[in-house]
Structure formats: C-alpha cells, structure tokens
$ cat protein.cif   # mmCIF, C-alpha atoms and all ligand atoms
data_model
loop_
_atom_site.group_PDB
_atom_site.id
_atom_site.type_symbol
_atom_site.label_atom_id
_atom_site.label_comp_id
_atom_site.auth_asym_id
_atom_site.auth_seq_id
_atom_site.Cartn_x
_atom_site.Cartn_y
_atom_site.Cartn_z
ATOM 1 C CA MET Z 1 -25.763 -18.125 -14.701
ATOM 2 C CA SER Z 2 -23.479 -19.720 -12.125
ATOM 3 C CA GLY Z 3 -20.393 -21.643 -13.258
ATOM 4 C CA ASN Z 4 -22.114 -24.990 -12.749
ATOM 5 C CA GLU Z 5 -25.281 -23.924 -14.590
ATOM 6 C CA SER Z 6 -23.281 -22.739 -17.584
ATOM 7 C CA ARG Z 7 -21.340 -26.055 -17.523
ATOM 8 C CA ALA Z 8 -24.622 -27.947 -17.809
ATOM 9 C CA HIS Z 9 -25.341 -26.108 -21.076
ATOM 10 C CA GLY Z 10 -21.711 -26.065 -22.197
ATOM 11 C CA ARG Z 11 -20.484 -27.049 -25.633
ATOM 12 C CA VAL Z 12 -18.937 -30.276 -24.279
ATOM 13 C CA ALA Z 13 -21.294 -30.782 -21.316
ATOM 14 C CA GLY Z 14 -20.910 -34.205 -19.737
ATOM 15 C CA LYS Z 15 -18.015 -35.276 -21.966
ATOM 16 C CA LYS Z 16 -15.031 -37.001 -20.426
ATOM 17 C CA ILE Z 17 -11.768 -36.001 -22.044
ATOM 18 C CA LEU Z 18 -8.134 -37.099 -21.764
ATOM 19 C CA ILE Z 19 -5.449 -34.409 -22.220
ATOM 20 C CA THR Z 20 -1.710 -35.161 -22.259
ATOM 21 C CA GLY Z 21 0.936 -32.542 -21.488
ATOM 22 C CA ALA Z 22 -1.695 -30.892 -19.321
ATOM 23 C CA ALA Z 23 0.497 -29.411 -16.583
ATOM 24 C CA ARG Z 24 1.152 -26.076 -18.284
ATOM 25 C CA GLY Z 25 1.120 -24.148 -21.545
ATOM 26 C CA MET Z 26 -1.480 -25.080 -24.109
ATOM 27 C CA GLY Z 27 -2.400 -28.305 -22.300
ATOM 28 C CA ARG Z 28 -3.441 -26.300 -19.251
ATOM 29 C CA SER Z 29 -5.368 -23.878 -21.433
ATOM 30 C CA HIS Z 30 -7.238 -26.762 -23.129
ATOM 31 C CA ALA Z 31 -8.088 -28.210 -19.707
ATOM 32 C CA VAL Z 32 -9.525 -24.950 -18.400
ATOM 33 C CA ARG Z 33 -11.432 -24.151 -21.618
ATOM 34 C CA LEU Z 34 -12.973 -27.638 -21.795
ATOM 35 C CA ALA Z 35 -13.830 -27.518 -18.083
ATOM 36 C CA GLU Z 36 -15.613 -24.187 -18.600
ATOM 37 C CA GLU Z 37 -17.740 -25.844 -21.267
ATOM 38 C CA GLY Z 38 -18.774 -28.757 -19.070
ATOM 39 C CA ALA Z 39 -16.161 -31.510 -19.516
ATOM 40 C CA ASP Z 40 -14.658 -33.800 -16.880
ATOM 41 C CA LEU Z 41 -10.977 -34.466 -17.366
ATOM 42 C CA ILE Z 42 -8.223 -37.055 -17.205
ATOM 43 C CA LEU Z 43 -4.989 -35.060 -17.154
ATOM 44 C CA ALA Z 44 -1.555 -36.574 -17.797
ATOM 45 C CA ASP Z 45 1.931 -35.079 -17.751
ATOM 46 C CA VAL Z 46 5.473 -36.394 -17.276
ATOM 47 C CA CYS Z 47 6.219 -33.606 -14.756
ATOM 48 C CA GLU Z 48 9.972 -34.132 -15.138
ATOM 49 C CA SER Z 49 12.661 -32.554 -17.304
ATOM 50 C CA MET Z 50 14.665 -34.448 -19.944
ATOM 51 C CA PRO Z 51 18.438 -34.193 -20.494
ATOM 52 C CA GLU Z 52 18.035 -33.898 -24.290
ATOM 53 C CA LEU Z 53 16.048 -30.647 -23.924
ATOM 54 C CA GLU Z 54 17.503 -27.194 -23.347
ATOM 55 C CA TYR Z 55 14.405 -25.977 -21.461
ATOM 56 C CA PRO Z 56 12.741 -27.500 -18.385
ATOM 57 C CA LEU Z 57 9.455 -29.404 -18.563
ATOM 58 C CA ALA Z 58 6.592 -29.043 -16.105
ATOM 59 C CA THR Z 59 6.507 -29.994 -12.411
ATOM 60 C CA PRO Z 60 3.969 -31.920 -10.300
ATOM 61 C CA GLU Z 61 2.929 -28.543 -8.824
ATOM 62 C CA ASP Z 62 2.105 -27.310 -12.338
ATOM 63 C CA LEU Z 63 -0.150 -30.328 -12.918
ATOM 64 C CA ASN Z 64 -1.913 -29.766 -9.584
ATOM 65 C CA GLU Z 65 -2.455 -26.133 -10.501
ATOM 66 C CA THR Z 66 -4.099 -27.120 -13.810
ATOM 67 C CA ALA Z 67 -6.386 -29.478 -11.899
ATOM 68 C CA ARG Z 68 -7.240 -26.721 -9.425
ATOM 69 C CA LEU Z 69 -8.112 -24.281 -12.212
ATOM 70 C CA ALA Z 70 -10.345 -26.836 -13.950
ATOM 71 C CA GLU Z 71 -12.035 -27.819 -10.678
ATOM 72 C CA LYS Z 72 -12.824 -24.153 -10.042
ATOM 73 C CA HIS Z 73 -15.180 -24.462 -13.010
ATOM 74 C CA GLY Z 74 -16.844 -27.504 -11.431
ATOM 75 C CA ALA Z 75 -15.019 -30.197 -13.427
ATOM 76 C CA ARG Z 76 -14.203 -33.598 -11.995
ATOM 77 C CA VAL Z 77 -10.488 -34.110 -12.597
ATOM 78 C CA VAL Z 78 -8.175 -37.118 -12.390
ATOM 79 C CA THR Z 79 -4.441 -36.381 -12.621
ATOM 80 C CA ASN Z 80 -1.627 -38.747 -13.573
ATOM 81 C CA VAL Z 81 2.126 -38.263 -13.591
ATOM 82 C CA VAL Z 82 2.949 -40.441 -16.598
ATOM 83 C CA ASP Z 83 5.255 -40.340 -19.621
ATOM 84 C CA VAL Z 84 3.443 -40.705 -22.962
ATOM 85 C CA ARG Z 85 6.423 -42.780 -24.147
ATOM 86 C CA ASP Z 86 5.370 -45.519 -21.720
ATOM 87 C CA ALA Z 87 2.408 -47.098 -23.511
ATOM 88 C CA ALA Z 88 1.564 -49.564 -20.731
ATOM 89 C CA GLU Z 89 1.630 -46.969 -17.928
ATOM 90 C CA LEU Z 90 -0.370 -44.520 -20.004
ATOM 91 C CA ALA Z 91 -3.025 -47.126 -20.846
ATOM 92 C CA LYS Z 92 -3.277 -48.060 -17.171
ATOM 93 C CA ALA Z 93 -3.680 -44.412 -16.153
ATOM 94 C CA VAL Z 94 -6.374 -43.902 -18.785
ATOM 95 C CA ASN Z 95 -8.232 -47.078 -17.807
ATOM 96 C CA ASP Z 96 -8.190 -46.043 -14.135
ATOM 97 C CA GLY Z 97 -9.374 -42.522 -15.010
ATOM 98 C CA VAL Z 98 -12.156 -43.863 -17.207
ATOM 99 C CA ALA Z 99 -13.304 -46.176 -14.400
ATOM 100 C CA GLU Z 100 -13.391 -43.220 -12.014
ATOM 101 C CA LEU Z 101 -15.184 -40.791 -14.337
ATOM 102 C CA GLY Z 102 -17.454 -43.384 -15.949
ATOM 103 C CA GLY Z 103 -16.409 -43.266 -19.609
ATOM 104 C CA LEU Z 104 -14.366 -41.451 -22.243
ATOM 105 C CA ASP Z 105 -15.481 -39.326 -25.186
ATOM 106 C CA ALA Z 106 -12.295 -37.750 -26.506
ATOM 107 C CA ALA Z 107 -8.528 -37.457 -26.198
ATOM 108 C CA VAL Z 108 -6.223 -34.529 -26.913
ATOM 109 C CA ALA Z 109 -2.666 -35.720 -27.635
ATOM 110 C CA ASN Z 110 -0.905 -32.496 -26.710
ATOM 111 C CA ALA Z 111 2.366 -33.542 -25.017
ATOM 112 C CA GLY Z 112 5.359 -32.533 -27.128
ATOM 113 C CA VAL Z 113 9.014 -31.522 -26.985
ATOM 114 C CA LEU Z 114 11.359 -29.482 -29.186
ATOM 115 C CA THR Z 115 15.099 -29.631 -29.782
ATOM 116 C CA VAL Z 116 16.975 -27.087 -31.891
ATOM 117 C CA GLY Z 117 20.021 -27.276 -34.139
ATOM 118 C CA THR Z 118 21.275 -27.187 -37.710
ATOM 119 C CA TRP Z 119 21.195 -30.518 -39.584
ATOM 120 C CA ASP Z 120 24.868 -31.235 -38.853
ATOM 121 C CA LYS Z 121 24.469 -30.701 -35.100
ATOM 122 C CA THR Z 122 21.361 -32.863 -34.718
ATOM 123 C CA THR Z 123 22.104 -35.966 -32.658
ATOM 124 C CA PRO Z 124 20.582 -39.472 -32.693
ATOM 125 C CA GLU Z 125 19.480 -38.846 -29.081
ATOM 126 C CA GLN Z 126 17.537 -35.764 -30.161
ATOM 127 C CA TRP Z 127 15.883 -37.724 -32.981
ATOM 128 C CA ARG Z 128 14.893 -40.560 -30.677
ATOM 129 C CA THR Z 129 13.534 -38.341 -27.899
ATOM 130 C CA VAL Z 130 11.534 -36.046 -30.155
ATOM 131 C CA VAL Z 131 10.063 -38.809 -32.326
ATOM 132 C CA ASP Z 132 9.392 -40.942 -29.259
ATOM 133 C CA VAL Z 133 7.443 -38.205 -27.451
ATOM 134 C CA ASN Z 134 5.807 -36.346 -30.341
ATOM 135 C CA LEU Z 135 4.942 -39.179 -32.718
ATOM 136 C CA ILE Z 136 4.954 -42.469 -30.823
ATOM 137 C CA GLY Z 137 3.606 -40.674 -27.718
ATOM 138 C CA THR Z 138 0.705 -39.377 -29.821
ATOM 139 C CA TRP Z 139 0.046 -42.899 -31.042
ATOM 140 C CA ASN Z 140 0.245 -44.226 -27.465
ATOM 141 C CA THR Z 141 -2.354 -41.628 -26.452
ATOM 142 C CA CYS Z 142 -4.704 -42.597 -29.293
ATOM 143 C CA SER Z 143 -4.161 -46.250 -28.524
ATOM 144 C CA ALA Z 144 -4.878 -45.818 -24.795
ATOM 145 C CA ALA Z 145 -8.087 -43.914 -25.561
ATOM 146 C CA LEU Z 146 -9.440 -46.012 -28.430
ATOM 147 C CA PRO Z 147 -10.682 -49.090 -26.562
ATOM 148 C CA HIS Z 148 -13.042 -46.708 -24.741
ATOM 149 C CA LEU Z 149 -14.129 -44.813 -27.864
ATOM 150 C CA VAL Z 150 -14.858 -47.504 -30.434
ATOM 151 C CA GLU Z 151 -18.059 -48.682 -28.753
ATOM 152 C CA ARG Z 152 -19.758 -45.300 -28.607
ATOM 153 C CA GLY Z 153 -17.857 -43.035 -31.040
ATOM 154 C CA GLY Z 154 -15.545 -40.212 -30.062
ATOM 155 C CA SER Z 155 -12.984 -37.631 -31.080
ATOM 156 C CA LEU Z 156 -9.188 -37.781 -31.208
ATOM 157 C CA VAL Z 157 -7.427 -34.418 -31.484
ATOM 158 C CA ASN Z 158 -3.727 -34.699 -32.221
ATOM 159 C CA ILE Z 159 -1.684 -31.549 -31.733
ATOM 160 C CA SER Z 160 0.738 -31.115 -34.610
ATOM 161 C CA SER Z 161 2.205 -27.734 -35.580
ATOM 162 C CA ALA Z 162 2.639 -25.388 -38.514
ATOM 163 C CA ALA Z 163 5.865 -27.424 -38.725
ATOM 164 C CA GLY Z 164 3.646 -30.437 -39.470
ATOM 165 C CA LEU Z 165 2.651 -28.879 -42.800
ATOM 166 C CA LYS Z 166 5.680 -26.817 -43.778
ATOM 167 C CA GLY Z 167 9.429 -27.469 -44.001
ATOM 168 C CA THR Z 168 10.221 -25.525 -40.846
ATOM 169 C CA PRO Z 169 14.028 -25.607 -40.495
ATOM 170 C CA LEU Z 170 16.508 -25.832 -37.606
ATOM 171 C CA HIS Z 171 14.584 -28.541 -35.791
ATOM 172 C CA LEU Z 172 14.452 -31.464 -38.201
ATOM 173 C CA PRO Z 173 13.264 -34.110 -35.702
ATOM 174 C CA TYR Z 174 10.418 -31.840 -34.579
ATOM 175 C CA THR Z 175 9.282 -31.038 -38.122
ATOM 176 C CA ALA Z 176 9.502 -34.704 -39.123
ATOM 177 C CA SER Z 177 7.601 -35.866 -36.031
ATOM 178 C CA LYS Z 178 4.834 -33.297 -36.527
ATOM 179 C CA HIS Z 179 4.455 -34.347 -40.196
ATOM 180 C CA GLY Z 180 4.284 -37.914 -38.890
ATOM 181 C CA VAL Z 181 1.365 -36.943 -36.654
ATOM 182 C CA VAL Z 182 -0.537 -35.874 -39.791
ATOM 183 C CA GLY Z 183 0.040 -39.206 -41.547
ATOM 184 C CA LEU Z 184 -0.915 -41.150 -38.454
ATOM 185 C CA SER Z 185 -4.088 -39.096 -38.034
ATOM 186 C CA ARG Z 186 -5.199 -39.298 -41.671
ATOM 187 C CA ALA Z 187 -4.752 -43.080 -41.728
ATOM 188 C CA LEU Z 188 -6.485 -43.529 -38.365
ATOM 189 C CA ALA Z 189 -9.360 -41.319 -39.538
ATOM 190 C CA ASN Z 190 -9.934 -43.823 -42.359
ATOM 191 C CA GLU Z 191 -9.674 -46.867 -40.117
ATOM 192 C CA LEU Z 192 -12.019 -45.483 -37.458
ATOM 193 C CA ALA Z 193 -14.670 -43.621 -39.436
ATOM 194 C CA ALA Z 194 -16.920 -46.698 -39.574
ATOM 195 C CA GLN Z 195 -17.010 -46.683 -35.770
ATOM 196 C CA ASN Z 196 -17.794 -42.985 -35.628
ATOM 197 C CA VAL Z 197 -14.432 -42.044 -34.156
ATOM 198 C CA ARG Z 198 -13.173 -38.798 -35.701
ATOM 199 C CA VAL Z 199 -9.468 -37.978 -35.928
ATOM 200 C CA ASN Z 200 -8.195 -34.467 -36.616
ATOM 201 C CA THR Z 201 -4.972 -32.495 -36.225
ATOM 202 C CA VAL Z 202 -4.409 -28.930 -35.012
ATOM 203 C CA HIS Z 203 -1.549 -26.828 -36.364
ATOM 204 C CA PRO Z 204 -0.578 -23.842 -34.213
ATOM 205 C CA THR Z 205 1.857 -21.134 -35.191
ATOM 206 C CA GLY Z 206 4.251 -19.973 -32.439
ATOM 207 C CA VAL Z 207 2.571 -19.666 -29.031
ATOM 208 C CA GLU Z 208 4.208 -18.302 -25.910
ATOM 209 C CA THR Z 209 4.465 -21.260 -23.504
ATOM 210 C CA GLY Z 210 7.185 -23.058 -21.545
ATOM 211 C CA MET Z 211 8.467 -24.554 -24.822
ATOM 212 C CA GLN Z 212 11.247 -22.002 -25.257
ATOM 213 C CA PRO Z 213 14.564 -23.326 -26.538
ATOM 214 C CA ALA Z 214 16.686 -20.202 -26.114
ATOM 215 C CA SER Z 215 19.165 -21.179 -28.839
ATOM 216 C CA LEU Z 216 16.661 -20.815 -31.711
ATOM 217 C CA HIS Z 217 16.747 -17.013 -31.851
ATOM 218 C CA GLY Z 218 20.546 -16.915 -31.707
ATOM 219 C CA LEU Z 219 20.837 -19.547 -34.415
ATOM 220 C CA LEU Z 220 18.519 -17.606 -36.712
ATOM 221 C CA ALA Z 221 20.117 -14.230 -35.998
ATOM 222 C CA ASP Z 222 23.771 -15.313 -36.103
ATOM 223 C CA GLN Z 223 23.897 -18.197 -38.571
ATOM 224 C CA ARG Z 224 20.769 -18.344 -40.725
ATOM 225 C CA PRO Z 225 19.010 -14.954 -41.029
ATOM 226 C CA ASP Z 226 17.999 -16.097 -44.540
ATOM 227 C CA LEU Z 227 15.558 -18.552 -42.877
ATOM 228 C CA VAL Z 228 13.753 -15.956 -40.711
ATOM 229 C CA PRO Z 229 10.908 -15.322 -43.233
ATOM 230 C CA ILE Z 230 9.804 -18.968 -42.929
ATOM 231 C CA PHE Z 231 8.831 -18.258 -39.295
ATOM 232 C CA LEU Z 232 6.858 -15.060 -39.977
ATOM 233 C CA ASN Z 233 3.054 -15.036 -39.670
ATOM 234 C CA ALA Z 234 0.968 -13.481 -42.441
ATOM 235 C CA LEU Z 235 -1.447 -11.853 -39.978
ATOM 236 C CA PRO Z 236 0.008 -8.977 -37.947
ATOM 237 C CA ALA Z 237 0.759 -10.967 -34.763
ATOM 238 C CA VAL Z 238 4.118 -12.342 -33.697
ATOM 239 C CA MET Z 239 2.536 -15.143 -31.671
ATOM 240 C CA ALA Z 240 -0.874 -16.688 -31.026
ATOM 241 C CA GLU Z 241 -2.123 -17.240 -27.476
ATOM 242 C CA PRO Z 242 -2.960 -20.632 -25.929
ATOM 243 C CA ILE Z 243 -6.670 -19.788 -25.857
ATOM 244 C CA ASP Z 244 -6.712 -19.463 -29.667
ATOM 245 C CA ILE Z 245 -5.620 -23.070 -29.940
ATOM 246 C CA SER Z 246 -7.938 -24.220 -27.129
ATOM 247 C CA ASN Z 247 -10.959 -22.848 -28.990
ATOM 248 C CA ALA Z 248 -10.025 -24.991 -32.008
ATOM 249 C CA VAL Z 249 -9.611 -28.042 -29.756
ATOM 250 C CA LEU Z 250 -13.005 -27.312 -28.166
ATOM 251 C CA PHE Z 251 -14.678 -27.288 -31.595
ATOM 252 C CA LEU Z 252 -13.059 -30.579 -32.630
ATOM 253 C CA VAL Z 253 -14.002 -32.304 -29.370
ATOM 254 C CA SER Z 254 -17.582 -31.012 -29.414
ATOM 255 C CA ASP Z 255 -20.461 -32.398 -31.462
ATOM 256 C CA GLU Z 256 -20.399 -29.158 -33.470
ATOM 257 C CA SER Z 257 -17.726 -30.903 -35.558
ATOM 258 C CA ARG Z 258 -19.577 -34.239 -35.817
ATOM 259 C CA PHE Z 259 -18.932 -34.531 -39.573
ATOM 260 C CA VAL Z 260 -15.348 -33.253 -39.403
ATOM 261 C CA THR Z 261 -12.666 -35.911 -39.675
ATOM 262 C CA GLY Z 262 -9.238 -36.071 -41.296
ATOM 263 C CA LEU Z 263 -8.971 -32.273 -41.061
ATOM 264 C CA GLU Z 264 -5.737 -30.369 -40.589
ATOM 265 C CA LEU Z 265 -7.044 -27.334 -38.683
ATOM 266 C CA LYS Z 266 -4.505 -24.528 -38.969
ATOM 267 C CA VAL Z 267 -4.527 -21.924 -36.194
ATOM 268 C CA ASP Z 268 -1.398 -20.465 -37.636
ATOM 269 C CA ALA Z 269 -1.939 -16.746 -38.324
ATOM 270 C CA GLY Z 270 -1.210 -17.614 -41.940
ATOM 271 C CA VAL Z 271 2.385 -18.785 -41.409
ATOM 272 C CA THR Z 272 1.818 -21.777 -43.710
ATOM 273 C CA ILE Z 273 0.552 -19.644 -46.630
ATOM 274 C CA ARG Z 274 3.922 -17.920 -46.789
HETATM 275 N N1 LIG Z 301 4.544 -23.323 -28.294
HETATM 276 C C1 LIG Z 301 4.515 -23.331 -29.600
HETATM 277 O O1 LIG Z 301 4.971 -22.375 -30.245
HETATM 278 C C2 LIG Z 301 3.915 -24.493 -30.350
HETATM 279 C C3 LIG Z 301 3.611 -24.322 -31.714
HETATM 280 C C4 LIG Z 301 3.048 -25.378 -32.407
HETATM 281 C C5 LIG Z 301 2.760 -26.570 -31.774
HETATM 282 N N2 LIG Z 301 3.065 -26.720 -30.447
HETATM 283 C C6 LIG Z 301 2.727 -27.993 -29.810
HETATM 284 O O2 LIG Z 301 1.770 -27.772 -28.789
HETATM 285 C C7 LIG Z 301 1.871 -28.787 -27.794
HETATM 286 C C8 LIG Z 301 1.933 -28.149 -26.409
HETATM 287 O O3 LIG Z 301 3.154 -27.450 -26.280
HETATM 288 P P1 LIG Z 301 3.361 -26.145 -25.388
HETATM 289 O O4 LIG Z 301 3.764 -25.063 -26.309
HETATM 290 O O5 LIG Z 301 2.218 -25.942 -24.479
HETATM 291 O O6 LIG Z 301 4.703 -26.576 -24.594
HETATM 292 P P2 LIG Z 301 5.029 -26.773 -23.039
HETATM 293 O O7 LIG Z 301 6.447 -27.274 -22.997
HETATM 294 O O8 LIG Z 301 4.713 -25.549 -22.265
HETATM 295 O O9 LIG Z 301 4.018 -27.914 -22.602
HETATM 296 C C9 LIG Z 301 4.194 -29.256 -22.982
HETATM 297 C C10 LIG Z 301 3.778 -30.137 -21.813
HETATM 298 O O10 LIG Z 301 3.983 -31.505 -22.195
HETATM 299 C C11 LIG Z 301 4.617 -32.181 -21.123
HETATM 300 N N3 LIG Z 301 5.360 -33.312 -21.678
HETATM 301 C C12 LIG Z 301 6.500 -33.269 -22.407
HETATM 302 N N4 LIG Z 301 6.924 -34.517 -22.691
HETATM 303 C C13 LIG Z 301 6.029 -35.359 -22.127
HETATM 304 C C14 LIG Z 301 5.932 -36.775 -22.058
HETATM 305 N N5 LIG Z 301 6.855 -37.573 -22.627
HETATM 306 N N6 LIG Z 301 4.874 -37.320 -21.420
HETATM 307 C C15 LIG Z 301 3.934 -36.527 -20.830
HETATM 308 N N7 LIG Z 301 3.998 -35.184 -20.843
HETATM 309 C C16 LIG Z 301 5.028 -34.606 -21.482
HETATM 310 C C17 LIG Z 301 5.500 -31.127 -20.466
HETATM 311 O O11 LIG Z 301 5.864 -31.458 -19.132
HETATM 312 C C18 LIG Z 301 4.619 -29.892 -20.564
HETATM 313 O O12 LIG Z 301 3.762 -29.749 -19.451
HETATM 314 C C19 LIG Z 301 3.117 -29.602 -28.162
HETATM 315 O O13 LIG Z 301 2.736 -30.764 -28.860
HETATM 316 C C20 LIG Z 301 3.866 -28.666 -29.088
HETATM 317 O O14 LIG Z 301 4.723 -29.359 -29.958
HETATM 318 C C21 LIG Z 301 3.637 -25.705 -29.723
#

$ encode --input "protein.cif" --output "structure tokens"
Amino acid sequence: MSGNESRAHGRVAGKKILITGAARGMGRSHAVRLAEEGADLILADVCESMPELEYPLATPEDLNETARLAEKHGARVVTNVVDVRDAAELAKAVNDGVAELGGLDAAVANAGVLTVGTWDKTTPEQWRTVVDVNLIGTWNTCSAALPHLVERGGSLVNISSAAGLKGTPLHLPYTASKHGVVGLSRALANELAAQNVRVNTVHPTGVETGMQPASLHGLLADQRPDLVPIFLNALPAVMAEPIDISNAVLFLVSDESRFVTGLELKVDAGVTIR
C-alpha cells in the first residue's frame, strides 16, 4: 500500500488534530505518528527560548521540519508560532486552522517546560513560568479546542508526567503543575462527558528529548543521592522513546478508545509503582 492508501485506512483517518509543543521532541513524534495514521494537523509551538529555563526551546526551523515530516505522509498541516500562555492568540490560531482544515476532532496539549532546583532555590519566576505553561497553557489549549468539539464530540489528550502522579522531587513547580493537569482533566471529563468529549491524561517516564536541564544529574549526584531511586524505572530501561508515548496518544485520539475518559494512562516503565 502507498502512504496515501494506508492513510485512508489509518486509525485516525480523516481526523483533524491540534498538537501544541509540536516543533520537536514528543510533539514532533505525535505529529508524525498521527499523520501516518491519516490525520490532518494544526501544529503550534512558541519557537523561542525563555530566560527562566536552563535549556533552549525549539526554533521556527524545528516547527517547519515537523510539518515537512508529517506532509511526507500526505497530511495537510497548518503551523502556528504561538505561546500557549496567550489564550487569545492560541484561540485565534486554532480557529484559523479549523477554518482551513474544515473541522477539529481532537487536541493534544503537549507543550511543557521544566525548571530544576531544591525547594529553597526555587524562585517565584520559576513557579509562574512552569505553572503558566504546563497548567494554564494546557487549559488554554483545551479551551481553544472545545468550541469546535462540543457539537460533534472529540478527544482531549493532556500530557502530564509520571511526576503528575508521584512526588517527584527537585522540580516542585513541575510536579505541582503536572498534578494540576490531572485535576483539570478529571473535572473536565465530568463536565464534557454528556457532549461526548473525552478527556484523558498521559504520564510518560523520562524520555530523551530537548527537555534536558543539565543541573538535575549534578544535583542528584552531589546533593541528594538518597532521592535517585524515585527516578528509577521498574522495567529494565533507563528511558522510554517518543514513539512509545505517541502510540498511547494515538489510541486516546482514535475511536478505539471511544469509551475511555478520565483515564490516567501511564507509559512510565513502572516508575510510579516504585
Ligand atoms: N522528556 C521527558 O522526560 C518527559 C517526561 C514526562 C513528561 N514530559 C512532558 O512531555 C511534553 C513534551 O516534552 P518534550 O520532552 O518533548 O520536551 P521538548 O522541550 O523537547 O519539547 C517541548 C516543546 O514545547 C514547546 N513549548 C514550550 N513552551 C511552550 C509554550 N509556552 N507555548 C508553545 N510551545 C511551547 C517547546 O518549544 C518544544 O518544542 C511536555 O509536556 C513534558 O512536560 C516529558
């Protein structure tokens, strides 16, 4: 079967899906996996670094590359350089994308950031940035998508973390924000079930992406080796790969999961059972 023929029979054939944080890492992987299975895509990314973070964020070239990879599979793709913290700009980008593609079936709130530090070194700026992007940005994504989903049903997939279920230390704002994503998603799942909109969270263990704050390893090794076991997977793998998470996202977006809502889907190599 050619790429386009397999798209026609794909697991999300014909669906139109919004993905935030799509320029690289897991967001790019979700875009390519969903494109392979027949989706058309609205991709959003801030494409600019932030002073509160110790690692760089993606670039406009990264976002274009994601679009190119998805288009190779025959997907129609709309890209937007937009910050998920800006609710109005995000809603406008989504509305424009929906007008271009002719509808929306699902959104994957994937954009996220991570700061590192012990409790006494954590600053108000870190708290505000991380909660603003990871929690309020997830809400902004749901809120931008929902006007298009409530009429016909749909799927919201909010990317949390193993740190959304477990007291993962040395990044308090991140752990708090990812727990917040669970509360938001459970409550929304209740509010939206009557309209056939499903809301689920995904909880990855560590995945090798651009989200690499170099100070974490040093902090663990030099100051808090007692905390290392909290980060260890049960299964014999140090890290998962982006595709492992994308396959979970694919399931939650597809109709295969039509009676799945309010689920916390762990793709965590067992780190949360430890
Ligand atoms: N990498 C891991 O180990 C890991 C583990 C669990 C959960 N997660 C979560 O997975 C998601 C994807 O992370 P990743 O590992 O691919 O990291 P990444 O840094 O490689 O990718 C995140 C993307 O989000 C974009 N982004 C950041 N802030 C944004 C904003 N305000 N508006 C729009 N876009 C923004 C970045 O530019 C980047 O392209 C995040 O929510 C992250 O918290 C990551």

$ resolve_selection --input "protein.cif" --expression "the PyMOL selection byres (((not hetatm)) within 6 of (chain Z and resi 301))" --output "VMD selection string"
chain Z and resid 20 to 27 45 to 47 57 to 58 82 to 85 110 to 113 133 159 to 161 204 to 211

$ closest_atom_pairs --input "protein.cif" --of "segment 78-110 of chain Z" --to "segment 181-201 of chain Z" --cutoff "10 Å" --atoms "only C-alpha atoms" --output "tab-separated table"
residue	atom	partner	partner_atom	distance
Z:Asp105	CA	Z:Val197	CA	9.4
Z:Ala106	CA	Z:Val197	CA	9.0
Z:Ala107	CA	Z:Val199	CA	9.8
Z:Val108	CA	Z:Thr201	CA	9.6
Z:Ala109	CA	Z:Thr201	CA	9.5

$ axis_aligned_box --input "protein.cif" --around "segment 240-244 of chain Z" --padding-each-side "6 Å" --output "AutoDock Vina command-line options"
--center_x -3.8 --center_y -18.7 --center_z -28.4 --size_x 17.8 --size_y 15.9 --size_z 17.2

$ residues_around --input "protein.cif" --residues "Val202 of chain Z" --least-positions-apart "4" --cutoff "8 Å" --atoms "only C-alpha atoms" --output "ChimeraX atom specification"
/Z:157-161,245,248-249,264-267

$ resolve_selection --input "protein.cif" --expression "the PyMOL selection byres (((chain Z and resi 219) around 12) and not hetatm)" --output "MDAnalysis selection string"
chainID Z and resid 116:118 121 169:171 213:218 220:228

$ atom_distance --input "protein.cif" --atom1 "atom CA of Phe251 of chain Z" --atom2 "atom CA of Glu151 of chain Z"
21.8 Å

$ atom_distance --input "protein.cif" --atom1 "atom CA of Glu37 of chain Z" --atom2 "atom CA of Gly14 of chain Z"
9.1 Å
